[in-house]
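Enquirer: My structure is below; once you've seen it, I'll send some questions.
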Amino acid sequence: MFMENFIVELGAEEEMLREVVEPLLSSEGYDLLRIKLKRVQARSILSLFVDTTGKKNGIVMENLTDISRLLSDVLDAKFEDSSILKGRYDLEVSSPGLDRPLSKMSHFTDSVGERIKLRKKNVEFGGQKNILGLLLEASDEGIAVEPDGRVGEKLTVAYRDLADANIIFDFSELDKNKKKPAKK
């Protein structure tokens, strides 16, 4: 089964968890959008963002409950004797929300024309740590963004330089839809 690589780098433990979680989600008709493993005192927190395959924002609460039950059983069995989840852990399964994460190349190509927020790794974008702007292009190597307030400027960013990226939901679009007269 093909698993698309994450642009946003995963730690070794996150990658091991992904190898178990993603094929299972895919077989059930879901896409893994993001995986994060955090340590908080003696407990691990595994956070997963999932959506329905082929349909943005198609996931509902019932799906999240089913996924959580399925994955917790598999993770308990697979990592019972492993230090990855360190015994006690919390599993958080969420929808991508309005600020949908962009973690794979396909996420970027599907989001061309959307407003996004980027956070850099170690390099600076014109002296800034974060960039807000319009996603103009997505290629195999990286993306092109028109930064907010710099109309006509095109900033090219390699995927390897990204620490994080998200869609920025445009609430003004909701206002435009409210103001349209009802069709008769």
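Following the order of the structure tokens, chains are lettered A, B, ..., residues in each are numbered from 1, and ligands are numbered from 1.
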Using DSSP secondary structure from the backbone, list all strand (DSSP E or B) positions within range 35-181 of chain A, as a VMD selection string.
Expert: chain A and resid 35 to 40 43 to 52 55 89 to 94 101 104 115 to 120 125 128 130 to 138 142 to 147 155 to 158 162 to 167
Enquirer: Do a neighbour search on range 163-170 of chain A at 6 Å with only C-alpha atoms, toss out local chain neighbours closer than 4 positions, and write the hits as a count of residues only.
Expert: 13
Enquirer: Output as JSON lines one row per residue of range 79-122 of chain A within 7 Å of range 53-69 of chain A: the closest atom pair and its distance in Å to one decimal place, counting only C-alpha atoms, sorted by chain and residue number ascending.
Expert:
```
{"residue": "A:Val93", "atom": "CA", "partner": "A:Ser68", "partner_atom": "CA", "distance": 6.1}
{"residue": "A:Ser94", "atom": "CA", "partner": "A:Leu64", "partner_atom": "CA", "distance": 6.6}
{"residue": "A:Ser95", "atom": "CA", "partner": "A:Ile59", "partner_atom": "CA", "distance": 6.6}
```
Enquirer: Interatomic distance between CA of Leu24 in chain A and CA of Leu85 in chain A?
Expert: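 One can read the CA of Leu24 in chain A to CA of Leu85 in chain A distance as 18.2 Å.
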Enquirer: What separation in Å, quoted to one decimal, exists between CA of Asp140 in chain A and CA of Leu17 in chain A?
Expert: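 Going from CA of Asp140 in chain A over to CA of Leu17 in chain A covers 25.4 Å.
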Enquirer: Which residues come within 12 Å of Asp161 in chain A, counting only C-alpha atoms, excluding same-chain residues fewer than 5 positions away, as a VMD selection string?
Expert: chain A and resid 7 to 9 118 to 125 129 to 130 141 to 143 156
Enquirer: Pick out the closest residue to Glu92 in chain A from this set: A:Ile131, A:Val74, A:Ile35, A:Leu136. Count only C-alpha atoms.
Expert: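 Among the listed residues, A:Ile35 lies closest to Glu92 in chain A.
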Enquirer: Point out the residue among A:Pro96, A:Ser103, A:Pro147, A:Asp90 with the least atom-to-atom distance to Tyr159 in chain A, counting only C-alpha atoms.
Expert: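 For Tyr159 in chain A, the nearest of the given residues is A:Ser103.
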Enquirer: Enumerate, as a VMD selection string, the complete set of residues in chain A that a backbone-based DSSP assignment places in helix (DSSP H, G or I).
Expert: chain A and resid 12 to 27 61 to 78 105 to 110 159 to 161 172 to 179
Enquirer: Write the selection just made, keeping N, CA and C atoms, as a short mmCIF file (atom, residue, chain, number, x, y, z; two decimals), in the first residue's frame?
Expert:
```
data_model
loop_
_atom_site.label_atom_id
_atom_site.label_comp_id
_atom_site.auth_asym_id
_atom_site.auth_seq_id
_atom_site.Cartn_x
_atom_site.Cartn_y
_atom_site.Cartn_z
N ALA A 12 11.43 9.78 14.78
CA ALA A 12 11.55 8.33 14.57
C ALA A 12 10.36 7.58 15.18
N GLU A 13 9.95 7.97 16.37
CA GLU A 13 8.81 7.30 17.03
C GLU A 13 7.50 7.61 16.31
N GLU A 14 7.35 8.85 15.86
CA GLU A 14 6.14 9.21 15.11
C GLU A 14 6.07 8.41 13.81
N GLU A 15 7.21 8.22 13.16
CA GLU A 15 7.25 7.45 11.93
C GLU A 15 6.86 5.99 12.19
N MET A 16 7.32 5.41 13.29
CA MET A 16 6.96 4.03 13.64
C MET A 16 5.45 3.92 13.91
N LEU A 17 4.90 4.91 14.58
CA LEU A 17 3.46 4.92 14.83
C LEU A 17 2.69 5.10 13.53
N ARG A 18 3.19 5.95 12.68
CA ARG A 18 2.54 6.19 11.38
C ARG A 18 2.46 4.90 10.57
N GLU A 19 3.54 4.11 10.58
CA GLU A 19 3.58 2.87 9.81
C GLU A 19 2.49 1.89 10.23
N VAL A 20 2.03 2.01 11.46
CA VAL A 20 0.94 1.16 11.95
C VAL A 20 -0.42 1.81 11.69
N VAL A 21 -0.52 3.09 11.98
CA VAL A 21 -1.79 3.81 11.95
C VAL A 21 -2.28 4.10 10.53
N GLU A 22 -1.41 4.61 9.68
CA GLU A 22 -1.85 5.08 8.36
C GLU A 22 -2.45 3.99 7.47
N PRO A 23 -1.84 2.81 7.35
CA PRO A 23 -2.47 1.78 6.52
C PRO A 23 -3.85 1.34 7.05
N LEU A 24 -3.98 1.30 8.36
CA LEU A 24 -5.26 0.93 8.96
C LEU A 24 -6.31 1.99 8.65
N LEU A 25 -5.96 3.25 8.81
CA LEU A 25 -6.89 4.34 8.47
C LEU A 25 -7.27 4.29 7.00
N SER A 26 -6.28 4.10 6.14
CA SER A 26 -6.53 4.06 4.70
C SER A 26 -7.49 2.93 4.34
N SER A 27 -7.33 1.78 4.96
CA SER A 27 -8.21 0.64 4.67
C SER A 27 -9.65 0.90 5.11
N MET A 61 -18.27 13.32 13.98
CA MET A 61 -17.91 12.87 15.33
C MET A 61 -17.98 11.35 15.47
N GLU A 62 -18.98 10.74 14.91
CA GLU A 62 -19.12 9.28 15.00
C GLU A 62 -17.91 8.58 14.39
N ASN A 63 -17.40 9.12 13.26
CA ASN A 63 -16.19 8.55 12.64
C ASN A 63 -15.01 8.63 13.59
N LEU A 64 -14.86 9.77 14.25
CA LEU A 64 -13.73 9.97 15.16
C LEU A 64 -13.78 9.00 16.32
N THR A 65 -14.98 8.75 16.83
CA THR A 65 -15.15 7.79 17.93
C THR A 65 -14.77 6.39 17.47
N ASP A 66 -15.24 5.99 16.29
CA ASP A 66 -14.92 4.66 15.75
C ASP A 66 -13.42 4.50 15.51
N ILE A 67 -12.81 5.53 14.94
CA ILE A 67 -11.37 5.50 14.67
C ILE A 67 -10.59 5.38 15.98
N SER A 68 -10.99 6.13 16.97
CA SER A 68 -10.31 6.12 18.27
C SER A 68 -10.36 4.73 18.89
N ARG A 69 -11.51 4.10 18.85
CA ARG A 69 -11.64 2.73 19.41
C ARG A 69 -10.77 1.74 18.66
N LEU A 70 -10.84 1.81 17.33
CA LEU A 70 -10.07 0.89 16.49
C LEU A 70 -8.57 1.05 16.73
N LEU A 71 -8.11 2.29 16.70
CA LEU A 71 -6.68 2.54 16.83
C LEU A 71 -6.16 2.23 18.23
N SER A 72 -6.94 2.53 19.25
CA SER A 72 -6.45 2.28 20.61
C SER A 72 -6.22 0.79 20.83
N ASP A 73 -7.10 -0.06 20.30
CA ASP A 73 -6.91 -1.51 20.42
C ASP A 73 -5.65 -1.96 19.70
N VAL A 74 -5.45 -1.46 18.48
CA VAL A 74 -4.28 -1.85 17.69
C VAL A 74 -3.00 -1.33 18.34
N LEU A 75 -3.01 -0.08 18.76
CA LEU A 75 -1.81 0.51 19.39
C LEU A 75 -1.47 -0.20 20.70
N ASP A 76 -2.49 -0.52 21.48
CA ASP A 76 -2.26 -1.25 22.74
C ASP A 76 -1.57 -2.58 22.46
N ALA A 77 -2.04 -3.31 21.45
CA ALA A 77 -1.47 -4.62 21.13
C ALA A 77 -0.08 -4.48 20.52
N LYS A 78 0.10 -3.57 19.60
CA LYS A 78 1.36 -3.43 18.87
C LYS A 78 2.49 -2.87 19.73
N MET A 105 2.68 16.52 0.19
CA MET A 105 2.70 17.27 -1.06
C MET A 105 1.30 17.41 -1.66
N SER A 106 0.50 16.37 -1.59
CA SER A 106 -0.86 16.44 -2.16
C SER A 106 -1.71 17.48 -1.43
N HIS A 107 -1.46 17.70 -0.14
CA HIS A 107 -2.20 18.74 0.59
C HIS A 107 -1.93 20.11 -0.02
N PHE A 108 -0.67 20.34 -0.39
CA PHE A 108 -0.31 21.63 -0.99
C PHE A 108 -0.89 21.77 -2.40
N THR A 109 -0.77 20.72 -3.21
CA THR A 109 -1.29 20.82 -4.58
C THR A 109 -2.81 20.99 -4.57
N ASP A 110 -3.49 20.36 -3.64
CA ASP A 110 -4.96 20.50 -3.52
C ASP A 110 -5.38 21.86 -2.97
N TYR A 159 10.21 22.58 0.41
CA TYR A 159 9.54 21.77 1.45
C TYR A 159 10.47 21.50 2.62
N ARG A 160 11.75 21.28 2.33
CA ARG A 160 12.71 20.94 3.39
C ARG A 160 12.87 22.08 4.41
N ASP A 161 12.47 23.30 4.02
CA ASP A 161 12.59 24.45 4.92
C ASP A 161 11.35 24.69 5.77
N SER A 172 -14.47 35.85 5.62
CA SER A 172 -15.15 36.83 4.78
C SER A 172 -15.99 36.15 3.70
N GLU A 173 -15.59 34.93 3.31
CA GLU A 173 -16.37 34.17 2.33
C GLU A 173 -17.75 33.83 2.89
N LEU A 174 -17.82 33.58 4.19
CA LEU A 174 -19.11 33.30 4.82
C LEU A 174 -20.00 34.54 4.76
N ASP A 175 -19.42 35.71 5.00
CA ASP A 175 -20.18 36.96 4.94
C ASP A 175 -20.71 37.21 3.54
N LYS A 176 -19.92 36.90 2.51
CA LYS A 176 -20.36 37.09 1.13
C LYS A 176 -21.56 36.21 0.83
N ASN A 177 -21.54 34.98 1.33
CA ASN A 177 -22.65 34.06 1.08
C ASN A 177 -23.92 34.52 1.79
N LYS A 178 -23.80 35.13 2.94
CA LYS A 178 -24.97 35.63 3.69
C LYS A 178 -25.62 36.78 2.95
N LYS A 179 -24.83 37.59 2.29
CA LYS A 179 -25.35 38.81 1.66
C LYS A 179 -26.01 38.54 0.31
#
```
Enquirer: Within 12 Å of Glu153 in chain A, counting only C-alpha atoms, which residues show up once you throw out same-chain ones fewer than 6 positions away? Write them as a PDB file with all heavy atoms, in the first residue's frame, please.
Expert:
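The resulting around-v4.pdb:
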```pdb
ATOM      1  N   GLY A 133       0.079  34.107   3.476  1.00  0.00           N
ATOM      2  CA  GLY A 133      -0.066  34.510   2.090  1.00  0.00           C
ATOM      3  C   GLY A 133      -0.877  33.540   1.271  1.00  0.00           C
ATOM      4  O   GLY A 133      -1.398  32.541   1.779  1.00  0.00           O
ATOM      5  N   LEU A 134      -0.964  33.837  -0.010  1.00  0.00           N
ATOM      6  CA  LEU A 134      -1.727  33.048  -0.962  1.00  0.00           C
ATOM      7  C   LEU A 134      -0.825  31.989  -1.585  1.00  0.00           C
ATOM      8  O   LEU A 134       0.252  32.320  -2.107  1.00  0.00           O
ATOM      9  CB  LEU A 134      -2.293  33.972  -2.055  1.00  0.00           C
ATOM     10  CG  LEU A 134      -3.164  33.313  -3.110  1.00  0.00           C
ATOM     11  CD1 LEU A 134      -4.467  32.808  -2.476  1.00  0.00           C
ATOM     12  CD2 LEU A 134      -3.467  34.299  -4.224  1.00  0.00           C
ATOM     13  N   LEU A 135      -1.246  30.735  -1.524  1.00  0.00           N
ATOM     14  CA  LEU A 135      -0.486  29.643  -2.140  1.00  0.00           C
ATOM     15  C   LEU A 135      -0.707  29.701  -3.648  1.00  0.00           C
ATOM     16  O   LEU A 135      -1.818  29.493  -4.135  1.00  0.00           O
ATOM     17  CB  LEU A 135      -0.932  28.290  -1.574  1.00  0.00           C
ATOM     18  CG  LEU A 135      -0.244  27.051  -2.120  1.00  0.00           C
ATOM     19  CD1 LEU A 135       1.265  27.110  -1.902  1.00  0.00           C
ATOM     20  CD2 LEU A 135      -0.826  25.798  -1.471  1.00  0.00           C
ATOM     21  N   LEU A 136       0.357  30.035  -4.379  1.00  0.00           N
ATOM     22  CA  LEU A 136       0.270  30.202  -5.827  1.00  0.00           C
ATOM     23  C   LEU A 136       0.545  28.918  -6.593  1.00  0.00           C
ATOM     24  O   LEU A 136      -0.103  28.635  -7.601  1.00  0.00           O
ATOM     25  CB  LEU A 136       1.272  31.267  -6.289  1.00  0.00           C
ATOM     26  CG  LEU A 136       1.110  32.667  -5.710  1.00  0.00           C
ATOM     27  CD1 LEU A 136       2.280  33.551  -6.115  1.00  0.00           C
ATOM     28  CD2 LEU A 136      -0.218  33.272  -6.159  1.00  0.00           C
ATOM     29  N   ALA A 144       5.207  28.123  -3.997  1.00  0.00           N
ATOM     30  CA  ALA A 144       5.346  29.562  -4.236  1.00  0.00           C
ATOM     31  C   ALA A 144       4.174  30.245  -3.556  1.00  0.00           C
ATOM     32  O   ALA A 144       3.029  29.806  -3.694  1.00  0.00           O
ATOM     33  CB  ALA A 144       5.363  29.861  -5.727  1.00  0.00           C
ATOM     34  N   VAL A 145       4.474  31.288  -2.816  1.00  0.00           N
ATOM     35  CA  VAL A 145       3.478  32.016  -2.033  1.00  0.00           C
ATOM     36  C   VAL A 145       3.581  33.503  -2.340  1.00  0.00           C
ATOM     37  O   VAL A 145       4.693  34.030  -2.474  1.00  0.00           O
ATOM     38  CB  VAL A 145       3.712  31.789  -0.516  1.00  0.00           C
ATOM     39  CG1 VAL A 145       2.740  32.586   0.329  1.00  0.00           C
ATOM     40  CG2 VAL A 145       3.644  30.312  -0.167  1.00  0.00           C
ATOM     41  N   GLU A 146       2.426  34.159  -2.434  1.00  0.00           N
ATOM     42  CA  GLU A 146       2.392  35.613  -2.494  1.00  0.00           C
ATOM     43  C   GLU A 146       2.126  36.093  -1.080  1.00  0.00           C
ATOM     44  O   GLU A 146       1.022  35.946  -0.570  1.00  0.00           O
ATOM     45  CB  GLU A 146       1.282  36.107  -3.427  1.00  0.00           C
ATOM     46  CG  GLU A 146       1.206  37.620  -3.499  1.00  0.00           C
ATOM     47  CD  GLU A 146       0.054  38.084  -4.367  1.00  0.00           C
ATOM     48  OE1 GLU A 146      -1.074  38.127  -3.847  1.00  0.00           O
ATOM     49  OE2 GLU A 146       0.291  38.369  -5.556  1.00  0.00           O
ATOM     50  N   PRO A 147       3.155  36.644  -0.397  1.00  0.00           N
ATOM     51  CA  PRO A 147       2.970  37.065   0.996  1.00  0.00           C
ATOM     52  C   PRO A 147       1.917  38.164   1.124  1.00  0.00           C
ATOM     53  O   PRO A 147       1.791  39.016   0.244  1.00  0.00           O
ATOM     54  CB  PRO A 147       4.352  37.600   1.397  1.00  0.00           C
ATOM     55  CG  PRO A 147       5.304  36.999   0.413  1.00  0.00           C
ATOM     56  CD  PRO A 147       4.514  36.866  -0.869  1.00  0.00           C
TER      57      PRO A 147
END
```
Enquirer: Just the number, please: distance in Å from CA of Val112 in chain A to CA of Ala138 in chain A, one decimal.
Expert: 7.0 Å
